[in-house]
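Before any comments, here is the structure.
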2 protein chains.
Amino acid sequence: MDIRPEHHIAGELVSDQSRTFLPERAGGPGEVLPPEFPEGGEAVVDRAARAAETAVAELRAMALTRRAELLEAIADELDGAVDAFAERMPQETGLPEARARGELARTTGQLRLFGSVVRQGDFLGARIDRGDPHRQPAAKPDIRQMRVPVGPVAVFGASNFPLAFSVAGGDTASALAAGCPVVVKAHPGHPGVSAIAAAAVDRAVARTSTPPGVFSMVQGKSNAVGAALVRHPAVKAVGFTGSFLGGTALARIAAERPEPIPVFAEMGSVNPLFLLPGALKARGDSFAEGLVGSMSLGVGQFCTQPGVVFAPSGDALEALLEQVGARVRDLPAGVMLHSGILNAYQRGISELDAIDGVEQVACGPSENNRAQPRVYRVTRQRLDEKPEILQEVFGPVAIVVECESVAMYSEAARGMPGQLTAGVHGDEGELVEHRSLIEALEARVGRVIFNGFPTGVEVCHAMIHGGPYPATTDARTTSVGTLAIERFLRPVCYQDCPEELLPEALRDGNPLGLSRLVDGRWEPAA
Amino acid sequence: MDIRPEHHIAGELVSDQSRTFLPERAGGPGEVLPPEFPEGGEAVVDRAARAAETAVAELRAMALTRRAELLEAIADELDGAVDAFAERMPQETGLPEARARGELARTTGQLRLFGSVVRQGDFLGARIDRGDPHRQPAAKPDIRQMRVPVGPVAVFGASNFPLAFSVAGGDTASALAAGCPVVVKAHPGHPGVSAIAAAAVDRAVARTSTPPGVFSMVQGKSNAVGAALVRHPAVKAVGFTGSFLGGTALARIAAERPEPIPVFAEMGSVNPLFLLPGALKARGDSFAEGLVGSMSLGVGQFCTQPGVVFAPSGDALEALLEQVGARVRDLPAGVMLHSGILNAYQRGISELDAIDGVEQVACGPSENNRAQPRVYRVTRQRLDEKPEILQEVFGPVAIVVECESVAMYSEAARGMPGQLTAGVHGDEGELVEHRSLIEALEARVGRVIFNGFPTGVEVCHAMIHGGPYPATTDARTTSVGTLAIERFLRPVCYQDCPEELLPEALRDGNPLGLSRLVDGRWEPAA
């Protein structure tokens with residue numbers, strides 16, 4: 001498949017060869033991958049954002065079934081491009097072909113799931129309080145509430161999920177599902193994959209006769225492109241997955257606008273695991289296998305990579321570390337997404353190596369321009385003295401924290417910064433005994449995992465991929481799962497509105513067949 | 001009833017007479033109202049916030065029925081203090097005794113409404129996606145989601161609603177309903193009313209054996225007290241009703257914390273009304289009556305006060321202005337909440353008077369230290385040249401914008417800053433004809449009102465008292481109505497959690513009888 005090196009602006013390919021960039025071939029620093037892509041600037045961002053603005057009313061007015069058809073058409077077009085993704089994604093990101101195919105299935109499944117949410121319509125949150133002209137001392141007005149789209153959404157492609165968190169990934173799917181036009185800033189680590197995806201979206205938009213302004217994608221390597229997008233007055237919300245520095249920079253820009261807008265930035269975390277003694281004794285082997293698999297999956301480049309394990313010191317832990325070490329030493333070094341990430345990983349490892357009391361348990365075989373998996377150990381006392389040991393090093397590394405007693409787990413949990421996930425491993429009696437640990441974790445994370453590992457985020461209705469700062473900039477939501485649609489909606493109410501002017505969702509007789517809260521009682525869908 | 005001039009910290013009266021302030025008697029600048037109240041500082045804020053933090057887990061663990069009983073007990077204790085409020089509130093605020101009684105009924109009704117929401121439990125947003133160990137290529141985990149309290153909430157009392165938006169007002173009711181301890185910063189304009197309310201809350205907390213840390217109230221006149229509260233690491237969210245300067249200052253402080261927190265600031269707006277020609281002709285009289293009543297109610301000191309009316313020029317408008325003028329000239333001048341607000345009103349009026357083309361239609365009779373109601377007129381052309389004419393002047397003033405044609409209404413609506421409300425007056429045919437105006441308004445406001453006036457915010461399930469910036473700092477929510485509870489909740493999910501450890505809301509068999517989203521389908525409450 002042709003890779004078109006243009007911006008995609010409201011269905012048009014926009015070329016600007018005055019400034020360009022060449023992507024790097026993953027795993028081969030210095031090697032480049034044609035074609036050259038245009039470097040976006042304020043002009044093209046303005047064009048995209050204005051096109052999005054003009055599409056707001058029309059997208060809002062489209063029937064929900066048509067909105068669902070758009071999401072499904074995008075999924076179909078993406079599926080049709082599977083071979084192109086399978087070819088290009090490994091070149092740009094080092095991720096294997098099987099991952100490209102798997103991630104595409106996840107991405108299109110996600111779009112179809114949002115399609116089903118849109119068809120069903122309950123996300124509109126319809127509420128009706130009927131009026132009473134005879135109420136004393138004052139007549140009671142008729143008030144009807146529903147959620148409406150916030151307006152154009154800026155979506156930032158993530159480096160580590162070139163499909164599922166990028167051009168047509170979760171943020172785009174949930175924004176379009178909410179009825180919001182999207183302007184994507186493609187990640188410069190995979191502009192070709194982004195171009196293939198954008199072309200698929202363009203085809204779906206055209207095929208479903210959706211106003212073309214609902215989707216644009218701007219290419220670019222400099223931070224200025226993204227900053228211009230977040231500053232643009234037409235943009236009303238931002239979705240981002242990436243680093244703490246990137247997410248907080250965008251949040252700052254958004255807060256300083258004349259009209260501040262919300263930024264939903266998912267910035268990763270160390271996803272601690274807490275190992276209880278019974279589980280360590282009974283299932284040390286399977287824990288070692290699960291841990292090493294989860295920490296090294298995708299060369300450790302997941303927001304949910306488990307970077308820290310709290311475990312009780314003693315013989316059982318020594319046995320566990322031996323097994324972990326043996327497994328890690330067998331793991332080949334991996335190609336990271338791009339050389340900047342590899343450099344940051346190696347810098348992080350050097351910093352860990354330089355800290356007194358942080359001891360390397362095992363390291364995979366060395367290979368040029370590859371990241372070796374590593375496991376470290378440190379005592380709880382030493383960690384107390386140097387809490388920065390637990391700062392996230394993005395990549396295949398985990399630190400085991402030896403604890404004299406598991407009684408300190410709750411305190412450690414309460415003291416940790418916000419996390420996307422935390423896991424507890426224990427047999428059922430142990431877990432019940434450590435209820436206070438679970439309560440402490442619940443207060444610090446978005447997802448509490450029992451006897452499992454955090455990688456592999458199920459895309460479903462109940463998932464929360466979020467959590468308190470600094471895991472995200474807004475703990476009241478999620479970036480995976482159908483609740484994500486709520487980020488891009490705001491409630492509006494209509495007082496004493498004539499039936500003819502009411503949105504269908506709020507009309508008497510419930511023509512859309514929604515679940516609605518009527519006079520304080522849920523009336524289920526027909 | 002005794003008014004105790006202390007801080008209320010977790011059920012204890014805390015005195016600190018090292019710095020104090022004396023409230024002013026409303027309408028009598030220079031006159032003071034004993035007793036002297038203590039000026040809070042970092043120490044007392046810290047004590048209150050820490051007490052709140054220690055109460056988080058216990059409040060979270062309390063059965064929902066007990067949480068509802070607390071809200072209902074607060075309502076009962078407040079009702080029991082009605083005579084004390086009726087005596088003190090007019091002295092501190094100039095608001096009449098009848099308003100004190102009416103506002104108290106609204107406040108306690110609001111608490112009981114949140115009590116019913118808590119009992120009912122659907123606000124927990126329970127979602128269950130059942131697992132499937134046999135799914136290919138990977139087992140499907142069991143994921144269960146619900147909302148949990150965010151933690152201690154800082155609530156700022158509003159000057160203009162000494163009961164309904166203050167110590168035990170909407171923010172406090174919704175935060176407690178969500179399961180969040182509250183630390184109130186009392187408004188210095190009515191410290192006595194605040195003290196009476198805080199004592200009532202203390203009695204309710206004690207009577208229901210609720211952990212006392214769930215409620216504290218700090219007195220103080222300086223901005224430093226509120227800033228210290230918003231900066232305190234234990235505080236996880238902020239509720240505020242007041243000025244744009246106050247709300248945005250708190251939002252800035254909150255964003256600059258090491259852990260930023262959300263600020264829900266409702267900052268008022270000019271609440272434009274759009275008058276269509278048919279309604280003007282058919283019902284000019286009743287419109288004039290409604291407008292003058294709404295703009296001058298409570299001496300114009302409502303966030304929803306209608307400050308701007310767009311109307312078609314011509315004879316009908318001239319007749320309307322005559323009627324409006326006659327009514328305004330009959331209105332007595334009113335006592336404002338405090339001398340600062342009166343001074344700001346008079347400054348705002350002087351600024352309007354100084355603008356070429358802004359013409360006074362009518363003014364009420366003058367009286368010392370009172371605010372005279374006023375109506376102005378300006379042409380649409382002049383407004384285009386000087387859009388700052390529509391900046392809110394807090395008080396009993398409205399500006400009528402003469403438009404050559406109502407065709408320009410949609411453009412005016414699209415160009416306006418975010419508003420709490422907008423109203424359209426027209427007969428049904430006219431309204432349908434101006435559907436694009438209604439769509440434009442929907443995009444800029446929280447509540448669209450048909451043939452009505454914005455003052456009088458119904459406390460119900462479907463109300464939205466919110467809207468795009470600068471009406472609020474967060475358009476995705478409301479500060480009136482039961483949806484307000486969502487501000488103080490965040491979702492968490494549990495993966496493969498043993499039944500015994502699951503929160504009751506998520507257990508098999510649905511012991512709380514909630515509506516839950518199970519495998520993507522709403523299962524209504526039993």
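Residue names in the structure tokens use chain letters A, B, ... in the order shown, residue numbers from 1 in each chain, and ligand numbers from 1 in the order shown.
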
>> Show me, as JSON, numbers by chain, every residue of chain A with an atom at most 7 Å from chain B, counting only C-alpha atoms.
In response: {"A": [127, 128, 129, 143, 144, 145, 259, 432, 446, 447, 448, 449, 450, 461, 462, 463, 464, 469, 475, 476, 477, 489, 490, 491, 492, 493, 494, 495, 496, 497, 501, 520, 524]}

> What is the distance between CA of Pro34 (chain B) and CA of Gly239 (chain B), in Å to one decimal?
Replying inline: 28.5 Å

> Can you list, as a PyMOL selection string, every protein, DNA or RNA residue that comes within 9 Å of Phe244 (chain B) when you count only C-alpha atoms, leaving out same-chain residues fewer than 3 positions away?
Replying inline: chain B and resi 247-249+265-268+470-472

Could you save the residues just selected, with C-alpha atoms, as a PDB file, in the first residue's frame?
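The resulting file, selection-v3.pdb, is reproduced below:
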```pdb
ATOM      1  CA  GLY B 247     -12.649  31.164  41.095  1.00  0.00           C
ATOM      2  CA  THR B 248      -9.779  31.505  38.666  1.00  0.00           C
ATOM      3  CA  ALA B 249      -7.348  32.347  41.497  1.00  0.00           C
ATOM      4  CA  ALA B 265     -15.933  27.013  40.476  1.00  0.00           C
ATOM      5  CA  GLU B 266     -19.244  28.518  39.465  1.00  0.00           C
ATOM      6  CA  MET B 267     -18.442  32.108  38.577  1.00  0.00           C
ATOM      7  CA  GLY B 268     -21.698  33.558  37.299  1.00  0.00           C
ATOM      8  CA  PRO B 470     -15.999  31.540  32.097  1.00  0.00           C
ATOM      9  CA  ALA B 471     -19.347  30.616  33.664  1.00  0.00           C
ATOM     10  CA  THR B 472     -17.520  27.782  35.423  1.00  0.00           C
TER      11      THR B 472
END
```

> In Å to one decimal, how far is CA of Glu69 (chain B) from CA of Thr208 (chain B)?
Replying inline: 7.2 Å
